[in-house]
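So this block is model_23.txt, compact mmCIF, C-alpha atoms:
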# COMPACT_ATOMS: atom_id res chain seq x y z
CA MET A 951 138.34 153.93 98.85
CA LYS A 952 137.48 150.27 98.29
CA LEU A 953 140.38 149.17 100.52
CA LYS A 954 139.27 151.56 103.25
CA PHE A 955 135.70 150.21 103.16
CA THR A 956 136.94 146.60 103.22
CA MET A 957 139.22 147.27 106.20
CA ILE A 958 136.47 148.96 108.16
CA THR A 959 134.01 146.16 107.38
CA LEU A 960 136.49 143.48 108.50
CA PHE A 961 137.31 145.44 111.62
CA LEU A 962 133.66 145.84 112.62
CA LEU A 963 133.00 142.16 111.85
CA ALA A 964 135.88 141.16 114.13
CA PHE A 965 134.39 143.28 116.94
CA SER A 966 130.94 141.78 116.54
CA ILE A 967 132.26 138.21 116.52
CA SER A 968 134.34 138.76 119.65
CA SER A 969 131.41 140.53 121.26
CA TYR A 970 129.05 137.60 120.80
CA ALA A 971 131.70 134.97 121.56
CA GLN A 972 132.17 136.40 125.05
CA LYS A 973 128.67 135.82 126.44
CA ASP A 974 129.21 135.52 130.20
CA VAL A 975 131.72 138.13 131.27
CA SER A 976 130.84 138.28 134.97
CA GLU A 977 134.27 137.01 136.05
CA LYS A 978 136.04 139.59 133.88
CA SER A 979 133.66 142.28 135.18
CA ALA A 980 134.68 141.47 138.76
CA GLU A 981 138.34 141.75 137.71
CA ALA A 982 137.62 145.12 136.06
CA ILE A 983 135.97 146.41 139.25
CA ASN A 984 139.08 145.46 141.23
CA GLU A 985 141.29 147.14 138.60
CA PHE A 986 139.29 150.38 138.83
CA LYS A 987 139.51 150.30 142.64
CA GLU A 988 143.24 149.55 142.61
CA THR A 989 143.93 152.33 140.12
CA ASN A 990 142.10 154.93 142.19
CA ASP A 991 140.43 154.07 145.51
CA LYS A 992 138.34 157.26 145.39
CA ILE A 993 135.93 155.41 143.09
CA ASN A 994 134.80 153.23 146.03
CA LYS A 995 132.23 155.81 147.12
CA TYR A 996 130.37 155.41 143.81
CA PHE A 997 130.25 151.62 144.14
CA SER A 998 128.74 151.96 147.62
CA SER A 999 126.29 154.80 146.89
CA ALA A 1000 125.04 154.06 143.36
CA TYR A 1001 121.60 152.54 142.88
CA ALA A 1002 123.12 150.14 140.32
CA TYR A 1003 126.00 149.98 137.83
CA ALA A 1004 127.04 148.29 134.59
CA VAL A 1005 130.62 147.09 134.08
CA PHE A 1006 132.14 146.57 130.63
CA PRO A 1007 135.54 144.93 131.26
CA SER A 1008 136.80 145.25 127.70
CA ILE A 1009 135.48 147.43 124.91
CA GLY A 1010 137.32 147.35 121.62
CA LYS A 1011 137.17 150.50 119.51
CA GLY A 1012 138.65 151.40 116.17
CA GLY A 1013 138.13 153.38 113.04
CA LEU A 1014 139.40 155.14 109.99
CA GLY A 1015 136.89 157.83 109.04
CA VAL A 1016 134.06 155.55 110.10
CA GLY A 1017 134.49 153.63 113.32
CA GLY A 1018 132.87 151.32 115.76
CA ALA A 1019 133.15 149.79 119.17
CA ALA A 1020 131.65 146.80 120.92
CA GLY A 1021 131.79 145.04 124.26
CA ASN A 1022 129.86 142.89 126.70
CA GLY A 1023 129.18 143.76 130.31
CA THR A 1024 127.54 142.81 133.57
CA ILE A 1025 124.78 144.71 135.38
CA TYR A 1026 124.93 144.94 139.19
CA ARG A 1027 122.29 146.10 141.65
CA GLY A 1028 122.87 146.02 145.38
CA GLY A 1029 126.30 144.51 144.70
CA SER A 1030 124.77 141.42 143.03
CA ILE A 1031 124.67 140.48 139.37
CA VAL A 1032 121.20 141.00 137.89
CA GLY A 1033 121.84 140.96 134.13
CA ASP A 1034 124.08 141.23 131.10
CA SER A 1035 124.52 144.00 128.55
CA LYS A 1036 125.98 144.49 125.09
CA MET A 1037 127.32 147.85 123.98
CA SER A 1038 127.73 148.88 120.36
CA GLN A 1039 128.89 152.17 118.96
CA ILE A 1040 129.15 153.70 115.50
CA THR A 1041 131.05 156.94 114.89
CA ILE A 1042 131.85 159.11 111.90
CA GLY A 1043 134.40 161.88 111.62
CA PHE A 1044 138.14 162.35 111.87
CA GLN A 1045 139.45 159.20 113.53
CA ALA A 1046 142.24 156.72 113.06
CA GLY A 1047 143.52 153.84 115.16
CA GLY A 1048 142.25 151.41 117.71
CA GLN A 1049 142.08 151.07 121.45
CA ALA A 1050 140.72 148.92 124.23
CA TYR A 1051 139.23 150.26 127.44
CA SER A 1052 137.03 149.32 130.39
CA GLU A 1053 133.90 151.29 131.24
CA ILE A 1054 131.64 151.54 134.27
CA ILE A 1055 128.29 153.29 134.17
CA PHE A 1056 126.86 154.20 137.57
CA PHE A 1057 123.11 154.80 137.92
CA GLU A 1058 122.11 157.32 140.56
CA ASP A 1059 118.50 156.23 140.92
CA ASN A 1060 115.82 153.79 139.85
CA GLY A 1061 114.75 156.00 136.91
CA ALA A 1062 118.18 155.93 135.23
CA TYR A 1063 118.51 152.21 135.94
CA ASP A 1064 115.06 151.45 134.49
CA ARG A 1065 115.89 153.37 131.29
CA PHE A 1066 119.04 151.28 130.92
CA VAL A 1067 117.53 147.84 131.54
CA GLY A 1068 114.46 148.76 129.48
CA ASP A 1069 116.71 149.19 126.42
CA LYS A 1070 115.69 152.85 126.21
CA PHE A 1071 119.20 154.03 126.93
CA GLU A 1072 121.70 155.40 124.47
CA PHE A 1073 124.25 158.16 124.52
CA ALA A 1074 123.82 160.82 121.88
CA ALA A 1075 127.19 161.97 120.57
CA GLN A 1076 130.18 161.29 122.80
CA ALA A 1077 129.10 161.09 126.43
CA THR A 1078 131.35 162.73 128.99
CA ALA A 1079 133.37 160.12 130.81
CA VAL A 1080 135.91 160.49 133.60
CA ALA A 1081 139.19 158.70 132.88
CA VAL A 1082 140.38 156.85 135.97
CA THR A 1083 144.10 157.25 136.62
CA ALA A 1084 146.24 156.53 139.65
CA GLY A 1085 146.10 159.04 142.48
CA VAL A 1086 144.02 161.65 140.69
CA SER A 1087 141.32 163.21 142.82
CA PHE A 1088 137.93 163.48 141.22
CA ASP A 1089 134.74 164.90 142.57
CA VAL A 1090 132.14 164.53 139.85
CA ASP A 1091 128.37 164.60 139.81
CA TYR A 1092 125.80 162.49 138.03
CA ARG A 1093 124.38 163.88 134.81
CA ASP A 1094 120.83 162.79 133.93
CA GLY A 1095 121.19 160.08 136.58
CA ILE A 1096 124.35 158.52 135.15
CA LEU A 1097 128.08 158.77 135.75
CA ILE A 1098 130.64 157.13 133.46
CA PHE A 1099 134.22 156.12 134.24
CA THR A 1100 136.69 154.66 131.75
CA HIS A 1101 140.07 153.04 132.14
CA ALA A 1102 142.42 152.72 129.14
CA LYS A 1103 143.81 149.24 128.56
CA GLY A 1104 145.89 149.83 125.44
CA GLY A 1105 146.07 151.09 121.89
CA LEU A 1106 146.19 154.50 120.33
CA MET A 1107 143.35 156.40 118.72
CA TYR A 1108 143.01 159.93 117.40
CA GLU A 1109 139.41 161.00 117.31
CA ALA A 1110 137.15 163.97 116.64
CA SER A 1111 133.94 162.19 115.76
CA VAL A 1112 130.22 162.08 116.37
CA GLY A 1113 128.30 158.94 117.15
CA GLY A 1114 126.55 157.21 119.98
CA GLN A 1115 126.62 154.18 122.23
CA LYS A 1116 123.63 151.88 122.26
CA PHE A 1117 122.98 149.19 124.86
CA LYS A 1118 121.01 145.95 124.78
CA THR A 1119 120.27 144.28 128.12
CA GLU A 1120 119.22 140.81 129.17
CA MET A 1121 118.12 140.31 132.76
CA ARG A 1122 118.98 137.06 134.58

Using structure tokens, write down the structure from this file.
Amino acid sequence: MKLKFTMITLFLLAFSISSYAQKDVSEKSAEAINEFKETNDKINKYFSSAYAYAVFPSIGKGGLGVGGAAGNGTIYRGGSIVGDSKMSQITIGFQAGGQAYSEIIFFEDNGAYDRFVGDKFEFAAQATAVAVTAGVSFDVDYRDGILIFTHAKGGLMYEASVGGQKFKTEMR
């Protein structure tokens, strides 16, 4: 039990250090946008129609019983960068492993965007996200003014857990 606690603590510490060390991720966010578009060009309609969106180019996630995730991102409105965001997540339940993924959160309207940039935005439990894969057709709708897409980068994680993502924003 002591070893498990120590490993989890070190793992979460490593995530938090890498999260804060990577302050300006706007260049990596632009690369992530291109990667999403190259993987499946059907996502283009969301980039052109969304009120705003937040791009997290690399989120690291891991756990063993208790888990966590962290990543930095860039906030876009009207196609221009307007701020930065940090995502953190804590989960508890059956889980083992680690993975890295990219995430884009599209905001349908000003209300959803204002909740996000006002730091009043967090996902209760595991939010439903659409995994972007090559050639797959998806026709999805916004839920409570948001739409989430993820793209796996690597790793392997088994998970049946409960937790939530919390976001902290800083406008430029």

Which neighbours of Asp1091 (chain A) fall inside 12 Å, counting only C-alpha atoms, when residues of the same chain fewer than 6 positions from it are skipped, and could you give them as a list in words? Tyr996, Ala1000, Phe1056, Phe1057, Glu1058, Thr1078, Ala1079, Val1080, Leu1097, Ile1098 and Phe1099 of chain A

Straight-line distance linking CA of Val1090 (chain A) with CA of Ser976 (chain A), stated in Å to one decimal:
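Computing the Euclidean distance for CA of Val1090 (chain A) and CA of Ser976 (chain A) yields 26.7 Å.
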
query: Residues at most 10 Å from region 1059-1071 of chain A, counting all atoms listed in the file, excluding those fewer than 5 positions away in the same chain, as a ChimeraX atom specification?
result: /A:999-1004,1025,1027,1033-1035,1094-1096,1115-1121

Can you pull out every residue within 12 Å of Asn994 (chain A), counting only C-alpha atoms, but drop anything in the same chain fewer than 5 positions away, and send it as a tab-separated table (two decimals) with C-alpha atoms, in the frame of the given file?
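File produced: selection-v9.tsv:
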chain	number	residue	atom	x	y	z
A	983	ILE	CA	135.97	146.41	139.25
A	984	ASN	CA	139.08	145.46	141.23
A	985	GLU	CA	141.29	147.14	138.60
A	986	PHE	CA	139.29	150.38	138.83
A	987	LYS	CA	139.51	150.30	142.64
A	988	GLU	CA	143.24	149.55	142.61
A	989	THR	CA	143.93	152.33	140.12
A	999	SER	CA	126.29	154.80	146.89
A	1000	ALA	CA	125.04	154.06	143.36
A	1056	PHE	CA	126.86	154.20	137.57
A	1088	PHE	CA	137.93	163.48	141.22

Judged by all atoms listed in the file, the minimum distance to Met1107 (chain A) among A:Ser998, A:Gly1029, A:Gly1015, A:Thr1024 is found for A:Gly1015

Q. In Å to one decimal, how far is CA of Glu1109 (chain A) from CA of Phe1044 (chain A)?
A.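 Computed distance, CA of Phe1044 (chain A) to CA of Glu1109 (chain A), equals 5.7 Å.
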
Of A:Ala1110, A:Ala1020, A:Val1082, A:Ile1031, the one nearest to Gln1049 (chain A) when counting all atoms listed in the file is A:Ala1020

Final N, CA and C atoms of region 1042-1068 of chain A as a PDB file, keeping the file's coordinate frame:
ATOM      1  N   ILE A1042     131.393 158.589 113.181  1.00  0.00           N
ATOM      2  CA  ILE A1042     131.850 159.110 111.900  1.00  0.00           C
ATOM      3  C   ILE A1042     132.544 160.434 112.148  1.00  0.00           C
ATOM      4  N   GLY A1043     133.643 160.654 111.448  1.00  0.00           N
ATOM      5  CA  GLY A1043     134.400 161.880 111.620  1.00  0.00           C
ATOM      6  C   GLY A1043     135.882 161.607 111.472  1.00  0.00           C
ATOM      7  N   PHE A1044     136.701 162.524 111.950  1.00  0.00           N
ATOM      8  CA  PHE A1044     138.140 162.350 111.870  1.00  0.00           C
ATOM      9  C   PHE A1044     138.559 161.375 112.972  1.00  0.00           C
ATOM     10  N   GLN A1045     139.001 160.198 112.568  1.00  0.00           N
ATOM     11  CA  GLN A1045     139.450 159.200 113.530  1.00  0.00           C
ATOM     12  C   GLN A1045     140.352 158.199 112.837  1.00  0.00           C
ATOM     13  N   ALA A1046     141.328 157.724 113.570  1.00  0.00           N
ATOM     14  CA  ALA A1046     142.240 156.720 113.060  1.00  0.00           C
ATOM     15  C   ALA A1046     142.864 155.976 114.227  1.00  0.00           C
ATOM     16  N   GLY A1047     142.870 154.646 114.141  1.00  0.00           N
ATOM     17  CA  GLY A1047     143.520 153.840 115.160  1.00  0.00           C
ATOM     18  C   GLY A1047     142.574 152.881 115.839  1.00  0.00           C
ATOM     19  N   GLY A1048     143.046 152.357 116.946  1.00  0.00           N
ATOM     20  CA  GLY A1048     142.250 151.410 117.710  1.00  0.00           C
ATOM     21  C   GLY A1048     142.675 151.440 119.163  1.00  0.00           C
ATOM     22  N   GLN A1049     141.761 151.088 120.030  1.00  0.00           N
ATOM     23  CA  GLN A1049     142.080 151.070 121.450  1.00  0.00           C
ATOM     24  C   GLN A1049     141.144 150.115 122.176  1.00  0.00           C
ATOM     25  N   ALA A1050     141.550 149.739 123.354  1.00  0.00           N
ATOM     26  CA  ALA A1050     140.720 148.920 124.230  1.00  0.00           C
ATOM     27  C   ALA A1050     140.615 149.652 125.572  1.00  0.00           C
ATOM     28  N   TYR A1051     139.422 149.609 126.147  1.00  0.00           N
ATOM     29  CA  TYR A1051     139.230 150.260 127.440  1.00  0.00           C
ATOM     30  C   TYR A1051     138.129 149.553 128.218  1.00  0.00           C
ATOM     31  N   SER A1052     138.095 149.802 129.516  1.00  0.00           N
ATOM     32  CA  SER A1052     137.030 149.320 130.390  1.00  0.00           C
ATOM     33  C   SER A1052     136.119 150.504 130.684  1.00  0.00           C
ATOM     34  N   GLU A1053     134.845 150.220 130.956  1.00  0.00           N
ATOM     35  CA  GLU A1053     133.900 151.290 131.240  1.00  0.00           C
ATOM     36  C   GLU A1053     132.941 150.851 132.333  1.00  0.00           C
ATOM     37  N   ILE A1054     132.657 151.769 133.239  1.00  0.00           N
ATOM     38  CA  ILE A1054     131.640 151.540 134.270  1.00  0.00           C
ATOM     39  C   ILE A1054     130.643 152.674 134.197  1.00  0.00           C
ATOM     40  N   ILE A1055     129.366 152.306 134.173  1.00  0.00           N
ATOM     41  CA  ILE A1055     128.290 153.290 134.170  1.00  0.00           C
ATOM     42  C   ILE A1055     127.546 153.150 135.491  1.00  0.00           C
ATOM     43  N   PHE A1056     127.578 154.199 136.300  1.00  0.00           N
ATOM     44  CA  PHE A1056     126.860 154.200 137.570  1.00  0.00           C
ATOM     45  C   PHE A1056     125.493 154.847 137.370  1.00  0.00           C
ATOM     46  N   PHE A1057     124.469 154.272 137.988  1.00  0.00           N
ATOM     47  CA  PHE A1057     123.110 154.800 137.920  1.00  0.00           C
ATOM     48  C   PHE A1057     122.750 155.360 139.286  1.00  0.00           C
ATOM     49  N   GLU A1058     122.387 156.627 139.302  1.00  0.00           N
ATOM     50  CA  GLU A1058     122.110 157.320 140.560  1.00  0.00           C
ATOM     51  C   GLU A1058     120.809 156.875 141.209  1.00  0.00           C
ATOM     52  N   ASP A1059     119.820 156.549 140.386  1.00  0.00           N
ATOM     53  CA  ASP A1059     118.500 156.230 140.920  1.00  0.00           C
ATOM     54  C   ASP A1059     117.783 155.194 140.068  1.00  0.00           C
ATOM     55  N   ASN A1060     116.616 154.810 140.531  1.00  0.00           N
ATOM     56  CA  ASN A1060     115.820 153.790 139.850  1.00  0.00           C
ATOM     57  C   ASN A1060     115.422 154.224 138.444  1.00  0.00           C
ATOM     58  N   GLY A1061     115.150 155.507 138.230  1.00  0.00           N
ATOM     59  CA  GLY A1061     114.750 156.000 136.910  1.00  0.00           C
ATOM     60  C   GLY A1061     115.831 155.773 135.862  1.00  0.00           C
ATOM     61  N   ALA A1062     117.063 156.130 136.174  1.00  0.00           N
ATOM     62  CA  ALA A1062     118.180 155.930 135.230  1.00  0.00           C
ATOM     63  C   ALA A1062     118.410 154.446 134.991  1.00  0.00           C
ATOM     64  N   TYR A1063     118.335 153.662 136.050  1.00  0.00           N
ATOM     65  CA  TYR A1063     118.510 152.210 135.940  1.00  0.00           C
ATOM     66  C   TYR A1063     117.415 151.595 135.061  1.00  0.00           C
ATOM     67  N   ASP A1064     116.166 151.989 135.281  1.00  0.00           N
ATOM     68  CA  ASP A1064     115.060 151.450 134.490  1.00  0.00           C
ATOM     69  C   ASP A1064     115.190 151.799 133.002  1.00  0.00           C
ATOM     70  N   ARG A1065     115.665 152.999 132.700  1.00  0.00           N
ATOM     71  CA  ARG A1065     115.890 153.370 131.290  1.00  0.00           C
ATOM     72  C   ARG A1065     116.936 152.446 130.664  1.00  0.00           C
ATOM     73  N   PHE A1066     117.962 152.126 131.432  1.00  0.00           N
ATOM     74  CA  PHE A1066     119.040 151.280 130.920  1.00  0.00           C
ATOM     75  C   PHE A1066     118.559 149.847 130.685  1.00  0.00           C
ATOM     76  N   VAL A1067     117.954 149.240 131.685  1.00  0.00           N
ATOM     77  CA  VAL A1067     117.530 147.840 131.540  1.00  0.00           C
ATOM     78  C   VAL A1067     116.304 147.698 130.644  1.00  0.00           C
ATOM     79  N   GLY A1068     115.598 148.790 130.395  1.00  0.00           N
ATOM     80  CA  GLY A1068     114.460 148.760 129.480  1.00  0.00           C
ATOM     81  C   GLY A1068     114.861 148.994 128.041  1.00  0.00           C
TER      82      GLY A1068
END
